Every structure is written in C-alpha cells, then in structure tokens.
Amino acid sequence: MQTFTIKHKDKKTSARIGILNTKKGKIETPFFMPVATKGTAKYISTEDLKQMQANAIISNALILSLRPGTKLIKKMGGLGKFMNYPGINFTDSGGFQMYSKQIYLKADNKGVLFRNPISGEKIFITPEKDMQIQLEINSDVAMCLDSMPLYEESKKSIKQSVEKTIMWAKRCKEYHNKKQKKISQEKRQLLFGIIQGGIHPDLRTQCAEKLKEMNFDGYSIGGFGLGETIKEEFKIVELCKSIIPKNKPIYLMGIGTPNEILEGIERGVDIFDSRMPTQNARRGGLFTSKGKLKLYNKKYEFDKKPLDKNCDCFVCKNYTRAYIRHLLLQKEGTGRRLASFHNLYYLQRLIRQAKQHIKKGTFAKFKKSVIKYYKK
RNA sequence: GCGAUUGUGGUAUAACGGUUAUUACGUCUGGUUGUGGUCCGGGAAACGAGGGUUCGACUCCCUUCUUUCGCC
C-alpha cells in the first residue's frame, strides 16, 4: 500500500488530487487542517468538524505534553479517541514555538530549551523526546522537530537553523523508525520532514536535498507567514516542489488565506493549516465569496444579511451579520463559535470547489475568480 | 431654607498658576498565517456656566447652576 497516490492532475497547472493513507484511514488531498493546538479548534466541537467535513486537524505535541500531558492522552487511547474525532490527527513538533518569546529560551545542536509557561520550569526537548511525545499522543502524522528561523534573521543565522533542522530531522527519522520497527506499514505513524531556509533559494535547496535523501513520508515547507511577500513565498514553494519527488505529499505549514491556499494548490501543494480562519473569526474578520468582511465596522450594525449570501453553512442559513457582530463585540463564546465555524467551512468548501475544478480542468479560471477578492 | 460637599471625552479617572490636559473601558478604524491564549496598532472625543485676580486660570476668588450628605 502506497502512502500517497495521485488521482488527478490538472492539465494547465501543477494542481493535483491525491489520496494520503494513514493508520486512521485515507484522506483526499488537497485539504486544509483547522489548528487544534490543545486538542480543539477553539470554540469548535468535534461534531462541528465533522459537519464542515474537516477530515484532518493539527494539534501541538509540545503544548499537549505540558497539559494535560502524554500520560493522560495515552491512557485515553490517543488524541483521536480522546477527542472522539474520526478524522486524521496531525501533530506539530513544537519547533514553531521557537518564535514565541513567551516560552522559547534557546537552542543548541542537541535540542531546544523551552520554559513551561504553566509551572515556570525549564524543559529541554531533543528530537528523540519530541518523537516519543508524538508517538505517545498517537497522532497519525507527526512532524520532525525543526529549527524555524524568523524572517528578519541574517542569512548566516538562517543557515545555522537549516543545519540544525537537517541534523534533527535525521535523528527524528532514526528514532521514529527504531520505535516503530515492529509495527506493520498500515499501523505506522507517518513522519514528515520540514524544509527551512527562509527566502534563500540555496538554503532551501540544501535543506530539501538532504531531507529527500532521508525518505520521509511527506515534506513540509515551514517558516512562512512571518513577513515575507507572497511572491517570495511561492518562489520558494516552486523550488521545493522541483526537488521533492512528485509522489510525496507536500504540506505548506501555517498558510491559510484563501488566495495563498489557491496559489499553493496551483503549484502542487497538498496540505495546508493555519490559525488564520479561527483567530481571525474571533476578531471579526470573516471570509466571504466577495472577500474579507470586517464585521466590527459600524456599517454592519443593522445588517440583516448573512455573513455570505453565497454560503450554505448553518451560520449563514440562520444568523444575521448584526447578531454575530453583537455577539463578537460582547466577546460571547457563541459568536466566536459561529464566526469560526463559518470561516472554517468557507475554506473547506473552497477546497472542495477547487478539487471539482481540477477534475474538470477549470482550476486556473476558478482560482482567478476567487483571488481577485483577496488581493492585498 | 441652612451648613458642608462635588463638578475634567460616552463612563470612570489623573495632574498642574505656564506649549498639543493623563490613563482605562467604550466608540470608530487598520492589522492578524505550523495559536500562551479575550491579541497588536492608529483615530475621534473633555476642564458645568458667567464674572474677577493674574503677563497667563482646568487650577485661586465670587456668583449661578449641579452632585451628594447632614440639619430644620
């Protein structure tokens, strides 16, 4: 059984539809994962995820290991059972938390030192420990511990991050293989390598080439959404795609605006995730078929229309802008749920539509008709 | 009626005889991309009224109105 199979290829672009096989089951690509850092997409229940057909989510292994801890999750049968979520559970390693001044302390070649924000104690995470955590959480797809450089860092510093990322990827892969040696292919947790290197083609190339040699189940492109332009971002995506074999799934980490998702799909990206739809929703930013709606603006105070008249989600079928605006301004949980549901639904539907257009050969035209509303 | 007390953006407050009067919430507005979290910017908006002292008054004095309390 192959981990990843391509089912359809777009004739004009690199867009494609595939099937990713995990121990939990199959999932059609491309797909977008809501971010469920602590085991829930904030304000969104597992039933909500099922209803919007979010068939994969990503949680954070590092954060979950701090609370509630891997012991509880393991005893509850793993994260999927704990949540009663039938879809695919991805976990992120915690490498991304290096951008968080609140918990990141420092890193050396051996691993990363974090401060546990709950207890204040220092915790040193090595690639091996990180793999152990993700195996105990029992997600279906794990991420390597990577070293994520910030956009403004010097090239020298980004180069050091890349070297650490490569070194750690090797250690993750070896430990992960060793721990799953006796497990059949169908029951294995998958492991993705993460390509770093900022906007520097030579560093991204170096990283992608080295990770390719290690033969991961899939490849993530990390370190975007941090200040670079969309042009810079997709130049690197194209470069990584040219290096990684076609039969490997590609995951563009952290990316979740409608236009970037479509730009990614066009270039053959298979997986996306972002806190954008939920975080933005809670702060009054709503995706619609006519672009972003800023619900806090006063002009919506008496607006009886749905968030998006072209949306068929339960929120748009039942509630007015005026009501959701009121709830959000009052910081009511219900408002956050309705807004978050709509935004996540919007992206799930956007990708369903994109896939239909890939099958029909009209993807490029479809993309153009959507992104004109989402230009910066 | 008598005595005391109070008056600063929508609300709650700060300071000072000397440029554009503080802060918070609210309000308007921009941001938000592998989530330590209900976040981060920017704007509009006030000295109760009238007179006096002074080079200069939101600040000191007087009158009036106002708030609150006590007494008859």
# chains A, B, ... in the order shown; residues from 1 in each chain; ligands from 1
>>> closest_atom_pairs(of="chain A", to="chain B", cutoff="6 Å", atoms="only C-alpha atoms (C1' of nucleotides)", output="CSV")
residue,atom,partner,partner_atom,distance
A:Gly225,CA,B:U33,C1',4.8
A:Met253,CA,B:G34,C1',4.8
A:Gly254,CA,B:G34,C1',4.6
A:Ile255,CA,B:U33,C1',5.0
A:Gly256,CA,B:U33,C1',5.7
A:Ser274,CA,B:U33,C1',5.7
A:Arg275,CA,B:U35,C1',6.0
A:Met276,CA,B:U33,C1',5.4
>>> write_last_selection(atoms="N, CA and C atoms", output="CSV table (one decimal), in the first residue's frame")
chain,number,residue,atom,x,y,z
A,225,GLY,N,4.6,33.0,6.4
A,225,GLY,CA,3.6,33.7,7.1
A,225,GLY,C,4.2,34.6,8.2
A,253,MET,N,3.2,24.7,5.6
A,253,MET,CA,2.8,24.9,7.0
A,253,MET,C,2.4,26.3,7.3
A,254,GLY,N,1.3,26.4,8.1
A,254,GLY,CA,0.9,27.7,8.6
A,254,GLY,C,0.1,28.6,7.7
A,255,ILE,N,-0.1,28.1,6.4
A,255,ILE,CA,-0.7,29.0,5.4
A,255,ILE,C,-2.2,28.8,5.3
A,256,GLY,N,-2.9,29.9,5.3
A,256,GLY,CA,-4.4,29.7,5.3
A,256,GLY,C,-5.2,30.9,4.9
A,274,SER,N,-3.7,26.5,9.3
A,274,SER,CA,-3.5,27.9,9.7
A,274,SER,C,-4.4,28.2,10.9
A,275,ARG,N,-4.0,29.0,11.7
A,275,ARG,CA,-4.8,29.5,12.8
A,275,ARG,C,-5.7,30.7,12.2
A,276,MET,N,-5.3,31.2,11.1
A,276,MET,CA,-6.0,32.3,10.5
A,276,MET,C,-7.5,32.3,10.5
>>> select_by_dssp(residues="range 103-137 of chain A", states="alpha helix (DSSP H)", output="mmCIF file with C-alpha atoms, in the first residue's frame")
data_model
loop_
_atom_site.group_PDB
_atom_site.id
_atom_site.type_symbol
_atom_site.label_atom_id
_atom_site.label_comp_id
_atom_site.auth_asym_id
_atom_site.auth_seq_id
_atom_site.Cartn_x
_atom_site.Cartn_y
_atom_site.Cartn_z
ATOM 1 C CA PRO A 127 14.462 15.301 18.544
ATOM 2 C CA GLU A 128 14.169 11.898 20.256
ATOM 3 C CA LYS A 129 11.985 13.251 23.086
ATOM 4 C CA ASP A 130 9.789 15.008 20.576
ATOM 5 C CA MET A 131 9.256 11.802 18.599
ATOM 6 C CA GLN A 132 8.472 9.981 21.830
ATOM 7 C CA ILE A 133 5.840 12.581 22.722
ATOM 8 C CA GLN A 134 4.179 12.383 19.318
ATOM 9 C CA LEU A 135 4.157 8.571 19.421
ATOM 10 C CA GLU A 136 2.555 8.630 22.881
ATOM 11 C CA ILE A 137 -0.040 11.145 21.742
#
>>> closest_residue(among="A:Lys360, A:Lys12, A:Lys246, A:Lys122", to="Lys106 in chain A", atoms="only C-alpha atoms")
A:Lys122
>>> residues_around(residues="C2 in chain B", least_positions_apart="4", cutoff="12 Å", atoms="only C-alpha atoms (C1' of nucleotides)", output="list in words")
G70, C71 and C72 of chain B
>>> write_last_selection(atoms="C-alpha atoms (C1' of nucleotides)", output="PDB file, in the first residue's frame")
ATOM      1  C1'   G B  70     -26.383  66.248  57.210  1.00  0.00           C
ATOM      2  C1'   C B  71     -29.785  69.546  59.936  1.00  0.00           C
ATOM      3  C1'   C B  72     -34.573  72.212  60.494  1.00  0.00           C
TER       4        C B  72
END
>>> atom_distance(atom1="CA of Asn138 in chain A", atom2="CA of Gln102 in chain A")
26.9 Å
>>> select_by_dssp(residues="range 142-213 of chain A", states="strand (DSSP E)", output="list in words")
Ala142, Met143, Leu190, Leu191, Phe192, Gly193, Ile194 and Ile195 of chain A
>>> residues_around(residues="C61 in chain B", least_positions_apart="2", cutoff="12 Å", atoms="only C-alpha atoms (C1' of nucleotides)", output="JSON, numbers by chain")
{"B": [51, 52, 53, 54, 57, 63]}
>>> atom_distance(atom1="CA of Ala354 in chain A", atom2="CA of Lys38 in chain A")
29.6 Å
>>> atom_distance(atom1="CA of Thr46 in chain A", atom2="CA of Asn89 in chain A")
12.1 Å
>>> residues_around(residues="G31 in chain B", least_positions_apart="5", cutoff="12 Å", atoms="only C-alpha atoms (C1' of nucleotides)", output="number ranges by chain")
A: 280, 283-285, 294; B: 39-42
>>> write_last_selection(atoms="N, CA and C atoms (P, O5', C5', C4', C3', O3' and C1' of nucleotides)", output="mmCIF file, in the first residue's frame")
data_model
loop_
_atom_site.group_PDB
_atom_site.id
_atom_site.type_symbol
_atom_site.label_atom_id
_atom_site.label_comp_id
_atom_site.auth_asym_id
_atom_site.auth_seq_id
_atom_site.Cartn_x
_atom_site.Cartn_y
_atom_site.Cartn_z
ATOM 1 N N ASN A 280 -8.886 34.864 13.189
ATOM 2 C CA ASN A 280 -9.499 35.999 12.522
ATOM 3 C C ASN A 280 -10.989 36.089 12.819
ATOM 4 N N ARG A 283 -11.816 37.653 15.953
ATOM 5 C CA ARG A 283 -11.514 39.089 15.962
ATOM 6 C C ARG A 283 -12.293 39.831 14.894
ATOM 7 N N GLY A 284 -13.338 39.204 14.373
ATOM 8 C CA GLY A 284 -14.255 39.907 13.492
ATOM 9 C C GLY A 284 -13.899 39.901 12.012
ATOM 10 N N GLY A 285 -12.938 39.084 11.603
ATOM 11 C CA GLY A 285 -12.583 39.014 10.180
ATOM 12 C C GLY A 285 -13.193 37.763 9.556
ATOM 13 N N LYS A 294 -15.078 42.796 7.363
ATOM 14 C CA LYS A 294 -14.661 43.233 8.690
ATOM 15 C C LYS A 294 -15.894 43.572 9.499
ATOM 16 P P C B 39 -7.160 40.987 24.712
ATOM 17 O "O5'" C B 39 -5.727 40.892 24.000
ATOM 18 C "C5'" C B 39 -4.862 39.787 24.125
ATOM 19 C "C4'" C B 39 -3.841 39.831 22.999
ATOM 20 C "C3'" C B 39 -3.517 41.245 22.528
ATOM 21 O "O3'" C B 39 -2.494 41.812 23.327
ATOM 22 C "C1'" C B 39 -4.014 39.902 20.656
ATOM 23 P P C B 40 -2.475 43.406 23.558
ATOM 24 O "O5'" C B 40 -1.825 43.912 22.199
ATOM 25 C "C5'" C B 40 -0.506 43.530 21.860
ATOM 26 C "C4'" C B 40 -0.181 44.071 20.485
ATOM 27 C "C3'" C B 40 -0.466 45.554 20.317
ATOM 28 O "O3'" C B 40 0.581 46.335 20.874
ATOM 29 C "C1'" C B 40 -1.328 44.380 18.461
ATOM 30 P P G B 41 0.313 47.882 21.204
ATOM 31 O "O5'" G B 41 0.495 48.504 19.771
ATOM 32 C "C5'" G B 41 -0.428 49.451 19.302
ATOM 33 C "C4'" G B 41 -0.138 49.753 17.868
ATOM 34 C "C3'" G B 41 -0.727 51.081 17.454
ATOM 35 O "O3'" G B 41 0.203 52.120 17.640
ATOM 36 C "C1'" G B 41 -1.556 49.393 16.047
ATOM 37 P P G B 42 -0.279 53.489 18.402
ATOM 38 O "O5'" G B 42 -1.230 54.147 17.302
ATOM 39 C "C5'" G B 42 -0.690 54.557 16.051
ATOM 40 C "C4'" G B 42 -1.803 54.950 15.109
ATOM 41 C "C3'" G B 42 -2.787 55.983 15.636
ATOM 42 O "O3'" G B 42 -2.298 57.305 15.517
ATOM 43 C "C1'" G B 42 -3.986 54.206 14.664
#
>>> residues_around(residues="U6 in chain B", least_positions_apart="6", cutoff="12 Å", atoms="only C-alpha atoms (C1' of nucleotides)", output="list in words")
G48, U66, U67, U68 and C69 of chain B
>>> write_last_selection(atoms="N, CA and C atoms (P, O5', C5', C4', C3', O3' and C1' of nucleotides)", output="tab-separated table (two decimals), in the first residue's frame")
chain	number	residue	atom	x	y	z
B	48	G	P	-15.58	71.79	34.54
B	48	G	O5'	-17.00	72.21	33.95
B	48	G	C5'	-17.66	71.35	33.02
B	48	G	C4'	-19.04	71.91	32.75
B	48	G	C3'	-19.09	73.42	32.51
B	48	G	O3'	-18.79	73.75	31.17
B	48	G	C1'	-20.73	72.81	34.10
B	66	U	P	-29.91	73.46	39.97
B	66	U	O5'	-28.72	72.42	39.76
B	66	U	C5'	-28.59	71.70	38.53
B	66	U	C4'	-27.36	70.83	38.56
B	66	U	C3'	-27.30	69.84	39.71
B	66	U	O3'	-28.06	68.67	39.45
B	66	U	C1'	-25.22	70.94	39.51
B	67	U	P	-28.65	67.86	40.65
B	67	U	O5'	-27.38	67.07	41.20
B	67	U	C5'	-26.73	66.10	40.38
B	67	U	C4'	-25.59	65.47	41.14
B	67	U	C3'	-25.96	64.98	42.55
B	67	U	O3'	-26.57	63.70	42.49
B	67	U	C1'	-23.92	66.18	42.63
B	68	U	P	-27.70	63.33	43.57
B	68	U	O5'	-26.86	63.11	44.90
B	68	U	C5'	-25.96	62.01	45.01
B	68	U	C4'	-25.03	62.21	46.18
B	68	U	C3'	-25.73	62.41	47.52
B	68	U	O3'	-26.15	61.18	48.10
B	68	U	C1'	-24.02	64.02	47.28
B	69	C	P	-27.40	61.18	49.10
B	69	C	O5'	-26.77	61.80	50.44
B	69	C	C5'	-25.76	61.07	51.14
B	69	C	C4'	-25.16	61.93	52.23
B	69	C	C3'	-26.14	62.48	53.26
B	69	C	O3'	-26.52	61.52	54.22
B	69	C	C1'	-24.66	64.20	52.60
>>> residues_around(residues="range 308-322 of chain A", least_positions_apart="6", cutoff="7 Å", atoms="only C-alpha atoms (C1' of nucleotides)", output="list in words")
Thr288, Ser289, Tyr300, Glu301, Phe302, Leu338, His342 and Tyr345 of chain A
>>> write_last_selection(atoms="C-alpha atoms", output="compact mmCIF listing (two decimals), in the first residue's frame")
# COMPACT_ATOMS: atom_id res chain seq x y z
CA THR A 288 -16.83 35.60 2.11
CA SER A 289 -17.30 35.00 -1.60
CA TYR A 300 -22.89 46.20 9.70
CA GLU A 301 -24.62 47.24 12.92
CA PHE A 302 -28.14 46.86 11.49
CA LEU A 338 -20.49 30.89 14.76
CA HIS A 342 -18.21 29.91 9.05
CA TYR A 345 -16.47 25.99 6.47
>>> decode(residues="range 247-348 of chain A", atoms="C-alpha atoms", output="mmCIF file, in the first residue's frame")
data_model
loop_
_atom_site.group_PDB
_atom_site.id
_atom_site.type_symbol
_atom_site.label_atom_id
_atom_site.label_comp_id
_atom_site.auth_asym_id
_atom_site.auth_seq_id
_atom_site.Cartn_x
_atom_site.Cartn_y
_atom_site.Cartn_z
ATOM 1 C CA ASN A 247 4.865 11.089 -5.343
ATOM 2 C CA LYS A 248 5.424 12.699 -1.939
ATOM 3 C CA PRO A 249 2.752 14.837 -0.280
ATOM 4 C CA ILE A 250 3.699 18.475 0.229
ATOM 5 C CA TYR A 251 2.490 20.430 3.231
ATOM 6 C CA LEU A 252 2.737 24.223 3.302
ATOM 7 C CA MET A 253 2.767 24.865 7.018
ATOM 8 C CA GLY A 254 0.853 27.692 8.621
ATOM 9 C CA ILE A 255 -0.669 29.016 5.425
ATOM 10 C CA GLY A 256 -4.362 29.726 5.349
ATOM 11 C CA THR A 257 -5.572 32.784 3.471
ATOM 12 C CA PRO A 258 -7.880 31.867 0.586
ATOM 13 C CA ASN A 259 -5.553 33.265 -2.053
ATOM 14 C CA GLU A 260 -2.447 31.585 -0.651
ATOM 15 C CA ILE A 261 -4.258 28.248 -0.468
ATOM 16 C CA LEU A 262 -5.234 28.525 -4.121
ATOM 17 C CA GLU A 263 -1.739 29.706 -5.102
ATOM 18 C CA GLY A 264 -0.398 26.688 -3.255
ATOM 19 C CA ILE A 265 -2.800 24.222 -4.849
ATOM 20 C CA GLU A 266 -1.881 25.593 -8.249
ATOM 21 C CA ARG A 267 1.753 24.706 -7.539
ATOM 22 C CA GLY A 268 1.003 21.204 -6.307
ATOM 23 C CA VAL A 269 0.758 21.756 -2.550
ATOM 24 C CA ASP A 270 -1.414 19.059 -0.944
ATOM 25 C CA ILE A 271 -1.843 20.092 2.681
ATOM 26 C CA PHE A 272 -2.411 23.373 4.499
ATOM 27 C CA ASP A 273 -3.136 24.528 8.014
ATOM 28 C CA SER A 274 -3.491 27.873 9.714
ATOM 29 C CA ARG A 275 -4.843 29.531 12.782
ATOM 30 C CA MET A 276 -5.955 32.345 10.458
ATOM 31 C CA PRO A 277 -9.606 31.306 9.953
ATOM 32 C CA THR A 278 -10.339 30.769 13.642
ATOM 33 C CA GLN A 279 -8.241 33.548 15.092
ATOM 34 C CA ASN A 280 -9.499 35.999 12.522
ATOM 35 C CA ALA A 281 -13.086 34.938 13.087
ATOM 36 C CA ARG A 282 -12.833 35.630 16.806
ATOM 37 C CA ARG A 283 -11.514 39.089 15.962
ATOM 38 C CA GLY A 284 -14.255 39.907 13.492
ATOM 39 C CA GLY A 285 -12.583 39.014 10.180
ATOM 40 C CA LEU A 286 -14.832 36.810 8.038
ATOM 41 C CA PHE A 287 -14.132 35.122 4.724
ATOM 42 C CA THR A 288 -16.833 35.597 2.106
ATOM 43 C CA SER A 289 -17.303 34.998 -1.603
ATOM 44 C CA LYS A 290 -16.742 38.747 -2.018
ATOM 45 C CA GLY A 291 -13.538 38.906 0.021
ATOM 46 C CA LYS A 292 -12.840 39.613 3.647
ATOM 47 C CA LEU A 293 -15.646 41.105 5.702
ATOM 48 C CA LYS A 294 -14.661 43.233 8.690
ATOM 49 C CA LEU A 295 -17.652 42.659 10.874
ATOM 50 C CA TYR A 296 -16.658 45.192 13.549
ATOM 51 C CA ASN A 297 -17.216 48.030 11.089
ATOM 52 C CA LYS A 298 -20.203 50.122 12.076
ATOM 53 C CA LYS A 299 -21.891 49.733 8.721
ATOM 54 C CA TYR A 300 -22.890 46.196 9.701
ATOM 55 C CA GLU A 301 -24.623 47.240 12.918
ATOM 56 C CA PHE A 302 -28.136 46.857 11.486
ATOM 57 C CA ASP A 303 -27.258 44.419 8.709
ATOM 58 C CA LYS A 304 -29.836 41.639 8.401
ATOM 59 C CA LYS A 305 -27.916 39.762 5.710
ATOM 60 C CA PRO A 306 -25.984 36.550 6.376
ATOM 61 C CA LEU A 307 -22.179 36.701 6.593
ATOM 62 C CA ASP A 308 -22.047 35.473 2.999
ATOM 63 C CA LYS A 309 -25.154 35.161 0.856
ATOM 64 C CA ASN A 310 -23.411 32.536 -1.273
ATOM 65 C CA CYS A 311 -22.536 30.321 1.687
ATOM 66 C CA ASP A 312 -24.651 27.336 2.687
ATOM 67 C CA CYS A 313 -23.225 26.789 6.166
ATOM 68 C CA PHE A 314 -25.659 26.634 9.073
ATOM 69 C CA VAL A 315 -24.443 30.008 10.332
ATOM 70 C CA CYS A 316 -25.246 31.763 7.075
ATOM 71 C CA LYS A 317 -28.587 29.974 6.821
ATOM 72 C CA ASN A 318 -29.689 31.065 10.282
ATOM 73 C CA TYR A 319 -27.995 34.216 11.552
ATOM 74 C CA THR A 320 -27.558 37.847 10.576
ATOM 75 C CA ARG A 321 -24.381 39.895 10.457
ATOM 76 C CA ALA A 322 -25.887 42.223 13.046
ATOM 77 C CA TYR A 323 -26.386 39.379 15.526
ATOM 78 C CA ILE A 324 -22.942 37.822 15.093
ATOM 79 C CA ARG A 325 -21.383 41.293 15.260
ATOM 80 C CA HIS A 326 -23.168 41.941 18.525
ATOM 81 C CA LEU A 327 -22.020 38.625 19.982
ATOM 82 C CA LEU A 328 -18.401 39.166 18.929
ATOM 83 C CA LEU A 329 -18.353 42.687 20.343
ATOM 84 C CA GLN A 330 -19.653 41.240 23.609
ATOM 85 C CA LYS A 331 -16.890 38.622 23.429
ATOM 86 C CA GLU A 332 -19.519 35.918 23.659
ATOM 87 C CA GLY A 333 -18.392 32.355 23.068
ATOM 88 C CA THR A 334 -21.380 31.670 20.825
ATOM 89 C CA GLY A 335 -20.362 34.474 18.499
ATOM 90 C CA ARG A 336 -16.849 33.074 18.334
ATOM 91 C CA ARG A 337 -18.187 29.643 17.538
ATOM 92 C CA LEU A 338 -20.486 30.888 14.764
ATOM 93 C CA ALA A 339 -17.792 33.054 13.201
ATOM 94 C CA SER A 340 -15.128 30.335 13.495
ATOM 95 C CA PHE A 341 -17.454 27.735 12.041
ATOM 96 C CA HIS A 342 -18.213 29.910 9.050
ATOM 97 C CA ASN A 343 -14.574 30.698 8.299
ATOM 98 C CA LEU A 344 -13.503 27.068 8.562
ATOM 99 C CA TYR A 345 -16.475 25.990 6.472
ATOM 100 C CA TYR A 346 -15.572 28.595 3.876
ATOM 101 C CA LEU A 347 -12.085 27.135 3.450
ATOM 102 C CA GLN A 348 -13.299 23.534 3.379
#
